[in-house]
$ cat my_file37.cif   # mmCIF, C-alpha atoms
data_query
#
loop_
_atom_site.label_atom_id
_atom_site.label_comp_id
_atom_site.auth_asym_id
_atom_site.auth_seq_id
_atom_site.Cartn_x
_atom_site.Cartn_y
_atom_site.Cartn_z
CA MET G 1 -171.70 -101.75 -48.38
CA LYS G 2 -173.61 -100.43 -51.40
CA LYS G 3 -176.72 -102.34 -50.31
CA ALA G 4 -176.66 -101.16 -46.68
CA PRO G 5 -178.51 -97.86 -47.27
CA LYS G 6 -181.15 -99.68 -49.30
CA TRP G 7 -181.74 -102.22 -46.52
CA ILE G 8 -181.69 -99.56 -43.84
CA GLY G 9 -184.29 -97.66 -45.84
CA ILE G 10 -186.47 -100.73 -46.31
CA ILE G 11 -186.26 -101.66 -42.62
CA SER G 12 -187.09 -98.06 -41.63
CA ILE G 13 -190.13 -98.01 -43.90
CA ILE G 14 -191.36 -101.36 -42.55
CA ALA G 15 -190.79 -100.22 -38.95
CA GLY G 16 -192.65 -96.99 -39.70
CA VAL G 17 -195.62 -98.83 -41.17
CA VAL G 18 -195.72 -101.26 -38.22
CA MET G 19 -195.58 -98.34 -35.76
CA PHE G 20 -198.37 -96.52 -37.58
CA ILE G 21 -200.56 -99.64 -37.57
CA ALA G 22 -199.84 -100.29 -33.88
CA GLY G 23 -200.70 -96.69 -32.97
CA ALA G 24 -203.89 -96.79 -35.03
CA GLY G 25 -204.82 -100.09 -33.39
CA ALA G 26 -204.30 -98.64 -29.91
CA TRP G 27 -206.40 -95.61 -30.87
CA GLY G 28 -209.15 -97.87 -32.18
CA VAL G 29 -209.20 -100.13 -29.12
CA THR G 30 -209.30 -97.16 -26.74
CA SER G 31 -212.11 -95.56 -28.73
CA ALA G 32 -214.09 -98.82 -28.90
CA GLN G 33 -213.76 -99.34 -25.14
CA LEU G 34 -215.02 -95.84 -24.44
CA LYS G 35 -217.91 -96.26 -26.88
CA ALA G 36 -218.88 -99.56 -25.23
CA GLU G 37 -219.51 -97.69 -21.97
CA ASN G 38 -222.31 -95.70 -23.69
CA ILE G 39 -221.32 -92.44 -22.02
CA THR G 40 -222.71 -89.17 -23.33
CA VAL G 41 -221.24 -85.81 -22.40
CA PRO G 42 -223.89 -84.07 -20.23
CA GLY G 43 -225.87 -81.18 -21.65
CA ASP G 44 -224.38 -78.72 -19.16
CA SER G 45 -220.84 -79.41 -20.33
CA ASP G 46 -218.78 -76.39 -21.40
CA PHE G 47 -218.10 -78.10 -24.75
CA LEU G 48 -219.19 -81.16 -26.75
CA ALA G 49 -222.47 -81.38 -24.81
CA GLY G 50 -224.51 -84.39 -25.98
CA ALA G 51 -221.58 -86.03 -27.79
CA PRO G 52 -220.82 -89.69 -27.19
CA VAL G 53 -217.58 -90.21 -25.28
CA ALA G 54 -215.42 -91.93 -27.88
CA GLY G 55 -212.30 -89.81 -28.29
CA PRO G 56 -209.83 -87.69 -26.38
CA PHE G 57 -211.79 -84.45 -26.58
CA SER G 58 -215.13 -85.93 -25.53
CA ALA G 59 -213.36 -87.82 -22.70
CA PHE G 60 -211.84 -84.54 -21.53
CA ALA G 61 -215.22 -82.80 -21.73
CA GLN G 62 -216.76 -85.60 -19.63
CA ALA G 63 -213.96 -85.44 -17.05
CA GLU G 64 -214.29 -81.67 -16.70
CA THR G 65 -218.07 -81.93 -16.35
CA ILE G 66 -217.69 -84.56 -13.62
CA LYS G 67 -215.32 -82.20 -11.80
CA LYS G 68 -217.80 -79.33 -12.14
CA HIS G 69 -220.63 -81.47 -10.71
CA THR G 70 -218.47 -82.78 -7.89
CA MET G 71 -217.29 -79.32 -6.88
CA LYS G 72 -220.93 -78.20 -6.75
CA ILE G 73 -221.95 -81.19 -4.59
CA SER G 74 -218.98 -80.74 -2.24
CA ASP G 75 -219.23 -76.95 -2.00
CA GLY G 76 -215.84 -76.70 -3.72
CA LYS G 77 -214.12 -79.04 -1.25
CA THR G 78 -211.75 -81.80 -2.32
CA TYR G 79 -211.64 -85.37 -1.06
CA ALA G 80 -208.84 -84.54 1.38
CA GLU G 81 -210.54 -81.40 2.66
CA LEU G 82 -213.80 -83.28 3.26
CA GLY G 83 -211.93 -85.93 5.26
CA LYS G 84 -210.42 -83.30 7.52
CA LEU G 85 -213.80 -81.56 7.97
CA ALA G 86 -215.56 -84.88 8.74
CA THR G 87 -212.95 -85.70 11.39
CA GLU G 88 -213.30 -82.25 12.94
CA ALA G 89 -217.12 -82.57 12.98
CA LYS G 90 -216.91 -86.01 14.58
CA ASP G 91 -214.40 -84.77 17.19
CA ALA G 92 -216.74 -81.86 17.96
CA GLY G 93 -219.60 -84.31 18.52
CA ASP G 94 -221.58 -83.34 15.39
CA THR G 95 -222.18 -86.87 14.11
CA GLU G 96 -224.88 -85.73 11.68
CA LEU G 97 -222.51 -83.31 9.90
CA ALA G 98 -219.70 -85.90 10.03
CA ALA G 99 -221.97 -88.45 8.32
CA LYS G 100 -223.01 -85.94 5.64
CA LEU G 101 -219.38 -84.97 4.95
CA THR G 102 -218.34 -88.63 4.82
CA GLU G 103 -221.10 -89.37 2.30
CA THR G 104 -220.03 -86.39 0.18
CA ARG G 105 -216.43 -87.54 0.49
CA ALA G 106 -217.41 -90.95 -0.96
CA THR G 107 -218.97 -89.13 -3.92
CA THR G 108 -215.76 -87.15 -4.48
CA MET G 109 -213.74 -90.38 -4.36
CA THR G 110 -215.96 -91.93 -7.05
CA SER G 111 -215.60 -88.74 -9.07
CA ALA G 112 -211.82 -88.83 -8.78
CA SER G 113 -211.79 -92.47 -9.90
CA LEU G 114 -213.97 -91.74 -12.93
CA ARG G 115 -211.87 -88.73 -13.89
CA ALA G 116 -208.65 -90.75 -13.53
CA SER G 117 -210.06 -93.42 -15.86
CA LEU G 118 -211.04 -90.81 -18.42
CA PHE G 119 -207.62 -89.14 -18.20
CA THR G 120 -205.99 -92.56 -18.67
CA SER G 121 -207.90 -92.94 -21.93
CA ILE G 122 -206.83 -89.43 -22.96
CA LEU G 123 -203.23 -90.42 -22.28
CA ALA G 124 -203.71 -93.61 -24.35
CA PHE G 125 -204.98 -91.52 -27.27
CA GLY G 126 -201.94 -89.26 -26.94
CA VAL G 127 -199.49 -92.14 -26.93
CA ALA G 128 -201.27 -93.73 -29.90
CA ALA G 129 -201.03 -90.46 -31.84
CA LEU G 130 -197.36 -90.14 -30.93
CA VAL G 131 -196.60 -93.67 -32.14
CA MET G 132 -198.46 -93.03 -35.41
CA GLY G 133 -196.54 -89.79 -35.92
CA VAL G 134 -193.19 -91.40 -35.19
CA GLY G 135 -194.15 -94.21 -37.57
CA VAL G 136 -194.82 -91.73 -40.37
CA LEU G 137 -191.50 -89.96 -39.69
CA HIS G 138 -189.68 -93.31 -39.61
CA ALA G 139 -191.20 -94.36 -42.94
CA LEU G 140 -190.36 -91.00 -44.53
CA SER G 141 -186.79 -91.24 -43.24
CA GLY G 142 -186.48 -94.70 -44.75
CA TRP G 143 -187.81 -93.43 -48.05
CA ALA G 144 -185.33 -90.52 -47.96
CA ILE G 145 -182.42 -92.85 -47.22
CA MET G 146 -183.38 -95.04 -50.17
CA ALA G 147 -183.87 -92.03 -52.44
CA LEU G 148 -180.50 -90.57 -51.53
CA ALA G 149 -178.73 -93.93 -51.74
CA GLY G 150 -180.10 -94.53 -55.21
CA ARG G 151 -179.40 -91.01 -56.51
CA LYS G 152 -177.68 -91.01 -59.87
CA THR G 153 -175.23 -88.56 -61.39
CA ASP G 154 -173.49 -88.46 -64.78
CA ASP G 155 -171.00 -90.96 -63.37
CA GLY G 156 -173.67 -93.40 -62.11
CA VAL G 157 -174.90 -94.21 -58.63
CA VAL G 158 -173.45 -92.08 -55.86
CA SER G 159 -171.87 -94.17 -53.13
CA ALA G 160 -170.54 -92.84 -49.85
CA GLU G 161 -167.00 -92.89 -51.24
CA ALA G 162 -168.05 -91.15 -54.45
CA ALA G 163 -169.99 -88.54 -52.51
CA ALA G 164 -166.96 -87.87 -50.32
CA SER G 165 -164.61 -87.55 -53.31
CA SER G 166 -167.09 -85.39 -55.23
CA GLY G 167 -167.26 -83.11 -52.22
CA SER G 168 -163.52 -82.54 -52.39
CA LYS G 169 -163.73 -82.00 -56.20
CA ASP G 170 -166.45 -79.40 -55.62
CA LYS G 171 -164.20 -77.57 -53.16
CA GLU G 172 -161.32 -77.59 -55.65
CA SER G 173 -163.44 -76.29 -58.50
CA SER G 174 -164.94 -73.53 -56.35
CA THR G 175 -161.47 -72.29 -55.30
CA GLY G 176 -160.14 -72.52 -58.84
CA SER G 177 -157.37 -74.98 -58.00
CA SER G 178 -156.97 -78.40 -59.49
CA THR G 179 -154.67 -81.32 -58.94
CA ALA G 180 -154.06 -81.54 -62.71
CA GLU G 181 -152.31 -78.10 -62.87
#

$ encode --input "my_file37.cif" --output "structure tokens"
Amino acid sequence: MKKAPKWIGIISIIAGVVMFIAGAGAWGVTSAQLKAENITVPGDSDFLAGAPVAGPFSAFAQAETIKKHTMKISDGKTYAELGKLATEAKDAGDTELAAKLTETRATTMTSASLRASLFTSILAFGVAALVMGVGVLHALSGWAIMALAGRKTDDGVVSAEAAASSGSKDKESSTGSSTAE
């Protein structure tokens, strides 16, 4: 039983390192895939204008800029709203307006698809960061377990039994009573 905390600590450290590496790998793959698309945040973006899309913030900037452009093209109408308006125009016999609204609706669908892809990459970055953070915490916990398990006192290494009995000795000495009296 004396070796259990040491092994638990070692396994926790290894698991933490593996988690950190896996998270960093996922971050790197997501970033490389975004970079391979050669996307640049447009100059009229509210932030990160001109930056290559390669991380969560530039992906968010690109997604928000796409939304801004789409809302301008569609006069602030969403995909669903444009569908309803196109149907109403067609039912009213205005085929020219129906065709225009349908074309704009196709643009909003493409926009929604692009934004969903960008938000998926943002989510992947978030999960990768979470896994790296949990990996660091796991490794630190393992280190703490090993440090506490190997702690020495005047009597030697503190085991669980010794820690429990020293706790009761501490209580006795603080109250002034002793079993030797």

$ resolve_selection --input "my_file37.cif" --expression "the PyMOL selection byres ((chain G and resi 40) around 8)" --output "short mmCIF file (atom, residue, chain, number, x, y, z; two decimals) with C-alpha atoms, keeping the file's coordinate frame"
data_model
loop_
_atom_site.label_atom_id
_atom_site.label_comp_id
_atom_site.auth_asym_id
_atom_site.auth_seq_id
_atom_site.Cartn_x
_atom_site.Cartn_y
_atom_site.Cartn_z
CA ASN G 38 -222.31 -95.70 -23.69
CA ILE G 39 -221.32 -92.44 -22.02
CA VAL G 41 -221.24 -85.81 -22.40
CA PRO G 42 -223.89 -84.07 -20.23
CA ALA G 49 -222.47 -81.38 -24.81
CA GLY G 50 -224.51 -84.39 -25.98
CA ALA G 51 -221.58 -86.03 -27.79
CA PRO G 52 -220.82 -89.69 -27.19
CA VAL G 53 -217.58 -90.21 -25.28
CA GLN G 62 -216.76 -85.60 -19.63
#

$ atom_distance --input "my_file37.cif" --atom1 "CA of Phe20 (chain G)" --atom2 "CA of Ser58 (chain G)"
23.2 Å

$ resolve_selection --input "my_file37.cif" --expression "the PyMOL selection byres ((chain G and resi 57) around 12)" --output "list in words"
Ser31, Val41, Asp46, Phe47, Leu48, Ala49, Ala51, Pro52, Val53, Ala54, Gly55, Pro56, Ser58, Ala59, Phe60, Ala61, Gln62, Ala63, Glu64, Leu118, Phe119, Ser121, Ile122, Leu123, Phe125 and Gly126 of chain G

$ closest_residue --input "my_file37.cif" --among "G:Thr70, G:Gly150, G:Trp143, G:Gly23" --to "Gly9 (chain G)" --atoms "all atoms listed in the file"
G:Trp143

$ closest_residue --input "my_file37.cif" --among "G:Leu140, G:Ile11, G:Leu101, G:Ala128" --to "Gly25 (chain G)" --atoms "all atoms listed in the file"
G:Ala128

$ atom_distance --input "my_file37.cif" --atom1 "CA of Ala24 (chain G)" --atom2 "CA of Leu130 (chain G)"
10.2 Å

$ resolve_selection --input "my_file37.cif" --expression "the PyMOL selection byres ((chain G and resi 135) around 12)" --output "list in words"
Ile11, Ser12, Ile13, Ile14, Ala15, Gly16, Val17, Val18, Met19, Phe20, Ile21, Ala22, Gly23, Ala24, Ala128, Ala129, Leu130, Val131, Met132, Gly133, Val134, Val136, Leu137, His138, Ala139, Leu140, Ser141 and Gly142 of chain G

$ write_last_selection --input "my_file37.cif" --atoms "C-alpha atoms" --output "short mmCIF file (atom, residue, chain, number, x, y, z; two decimals), in the frame of the given file"
data_model
loop_
_atom_site.label_atom_id
_atom_site.label_comp_id
_atom_site.auth_asym_id
_atom_site.auth_seq_id
_atom_site.Cartn_x
_atom_site.Cartn_y
_atom_site.Cartn_z
CA ILE G 11 -186.26 -101.66 -42.62
CA SER G 12 -187.09 -98.06 -41.63
CA ILE G 13 -190.13 -98.01 -43.90
CA ILE G 14 -191.36 -101.36 -42.55
CA ALA G 15 -190.79 -100.22 -38.95
CA GLY G 16 -192.65 -96.99 -39.70
CA VAL G 17 -195.62 -98.83 -41.17
CA VAL G 18 -195.72 -101.26 -38.22
CA MET G 19 -195.58 -98.34 -35.76
CA PHE G 20 -198.37 -96.52 -37.58
CA ILE G 21 -200.56 -99.64 -37.57
CA ALA G 22 -199.84 -100.29 -33.88
CA GLY G 23 -200.70 -96.69 -32.97
CA ALA G 24 -203.89 -96.79 -35.03
CA ALA G 128 -201.27 -93.73 -29.90
CA ALA G 129 -201.03 -90.46 -31.84
CA LEU G 130 -197.36 -90.14 -30.93
CA VAL G 131 -196.60 -93.67 -32.14
CA MET G 132 -198.46 -93.03 -35.41
CA GLY G 133 -196.54 -89.79 -35.92
CA VAL G 134 -193.19 -91.40 -35.19
CA VAL G 136 -194.82 -91.73 -40.37
CA LEU G 137 -191.50 -89.96 -39.69
CA HIS G 138 -189.68 -93.31 -39.61
CA ALA G 139 -191.20 -94.36 -42.94
CA LEU G 140 -190.36 -91.00 -44.53
CA SER G 141 -186.79 -91.24 -43.24
CA GLY G 142 -186.48 -94.70 -44.75
#

$ decode --input "my_file37.cif" --residues "region 18-33 of chain G" --atoms "all heavy atoms" --output "compact mmCIF listing (two decimals), in the first residue's frame"
# COMPACT_ATOMS: atom_id res chain seq x y z
N VAL G 18 -0.01 13.27 -21.53
CA VAL G 18 -0.68 12.77 -22.74
C VAL G 18 -1.84 13.68 -23.12
O VAL G 18 -2.03 14.02 -24.29
CB VAL G 18 -1.15 11.31 -22.54
CG1 VAL G 18 -2.10 10.87 -23.64
CG2 VAL G 18 0.05 10.37 -22.46
N MET G 19 -2.63 14.11 -22.13
CA MET G 19 -3.75 15.01 -22.41
C MET G 19 -3.27 16.34 -22.97
O MET G 19 -3.85 16.87 -23.91
CB MET G 19 -4.58 15.24 -21.14
CG MET G 19 -5.36 14.02 -20.70
SD MET G 19 -6.21 14.28 -19.13
CE MET G 19 -7.59 15.25 -19.70
N PHE G 20 -2.20 16.87 -22.39
CA PHE G 20 -1.67 18.14 -22.88
C PHE G 20 -1.21 18.00 -24.33
O PHE G 20 -1.51 18.85 -25.18
CB PHE G 20 -0.52 18.64 -22.01
CG PHE G 20 -0.04 20.00 -22.41
CD1 PHE G 20 -0.66 21.13 -21.93
CD2 PHE G 20 1.02 20.15 -23.29
CE1 PHE G 20 -0.25 22.40 -22.31
CE2 PHE G 20 1.45 21.40 -23.68
CZ PHE G 20 0.81 22.54 -23.19
N ILE G 21 -0.49 16.92 -24.63
CA ILE G 21 0.00 16.70 -26.00
C ILE G 21 -1.17 16.51 -26.96
O ILE G 21 -1.16 17.06 -28.07
CB ILE G 21 0.97 15.49 -26.04
CG1 ILE G 21 2.27 15.86 -25.30
CG2 ILE G 21 1.26 15.05 -27.47
CD1 ILE G 21 3.19 14.68 -25.05
N ALA G 22 -2.19 15.76 -26.55
CA ALA G 22 -3.36 15.56 -27.41
C ALA G 22 -4.08 16.88 -27.68
O ALA G 22 -4.47 17.17 -28.82
CB ALA G 22 -4.33 14.56 -26.77
N GLY G 23 -4.25 17.69 -26.66
CA GLY G 23 -4.89 19.00 -26.83
C GLY G 23 -4.08 19.91 -27.73
O GLY G 23 -4.63 20.59 -28.61
N ALA G 24 -2.76 19.92 -27.53
CA ALA G 24 -1.90 20.75 -28.38
C ALA G 24 -1.94 20.25 -29.83
O ALA G 24 -1.94 21.06 -30.77
CB ALA G 24 -0.47 20.73 -27.84
N GLY G 25 -1.99 18.94 -30.00
CA GLY G 25 -2.09 18.37 -31.35
C GLY G 25 -3.38 18.77 -32.03
O GLY G 25 -3.39 19.15 -33.21
N ALA G 26 -4.49 18.72 -31.29
CA ALA G 26 -5.78 19.12 -31.86
C ALA G 26 -5.77 20.61 -32.21
O ALA G 26 -6.28 21.01 -33.27
CB ALA G 26 -6.91 18.82 -30.87
N TRP G 27 -5.17 21.42 -31.36
CA TRP G 27 -5.06 22.85 -31.64
C TRP G 27 -4.26 23.06 -32.92
O TRP G 27 -4.65 23.83 -33.79
CB TRP G 27 -4.39 23.56 -30.46
CG TRP G 27 -4.32 25.05 -30.60
CD1 TRP G 27 -3.48 25.77 -31.42
CD2 TRP G 27 -5.12 26.01 -29.92
NE1 TRP G 27 -3.70 27.11 -31.26
CE2 TRP G 27 -4.70 27.29 -30.35
CE3 TRP G 27 -6.13 25.92 -28.97
CZ2 TRP G 27 -5.27 28.46 -29.87
CZ3 TRP G 27 -6.68 27.08 -28.49
CH2 TRP G 27 -6.26 28.33 -28.94
N GLY G 28 -3.13 22.36 -33.02
CA GLY G 28 -2.27 22.50 -34.19
C GLY G 28 -2.93 22.06 -35.48
O GLY G 28 -2.81 22.74 -36.51
N VAL G 29 -3.64 20.95 -35.45
CA VAL G 29 -4.33 20.45 -36.65
C VAL G 29 -5.42 21.44 -37.07
O VAL G 29 -5.56 21.77 -38.26
CB VAL G 29 -4.92 19.04 -36.41
CG1 VAL G 29 -5.90 18.66 -37.50
CG2 VAL G 29 -3.80 18.02 -36.31
N THR G 30 -6.19 21.93 -36.12
CA THR G 30 -7.26 22.88 -36.43
C THR G 30 -6.67 24.15 -37.03
O THR G 30 -7.16 24.66 -38.04
CB THR G 30 -8.08 23.21 -35.17
OG1 THR G 30 -8.58 21.99 -34.62
CG2 THR G 30 -9.24 24.13 -35.48
N SER G 31 -5.60 24.63 -36.44
CA SER G 31 -4.95 25.84 -36.95
C SER G 31 -4.38 25.61 -38.35
O SER G 31 -4.55 26.46 -39.25
CB SER G 31 -3.84 26.28 -36.00
OG SER G 31 -3.21 27.44 -36.46
N ALA G 32 -3.74 24.48 -38.56
CA ALA G 32 -3.16 24.18 -39.88
C ALA G 32 -4.24 24.07 -40.95
O ALA G 32 -4.05 24.55 -42.08
CB ALA G 32 -2.36 22.88 -39.81
N GLN G 33 -5.38 23.48 -40.61
CA GLN G 33 -6.47 23.35 -41.57
C GLN G 33 -7.04 24.72 -41.94
O GLN G 33 -7.36 24.98 -43.11
CB GLN G 33 -7.58 22.44 -41.03
CG GLN G 33 -7.17 20.98 -40.91
CD GLN G 33 -6.80 20.39 -42.26
OE1 GLN G 33 -7.53 20.54 -43.23
NE2 GLN G 33 -5.67 19.74 -42.32
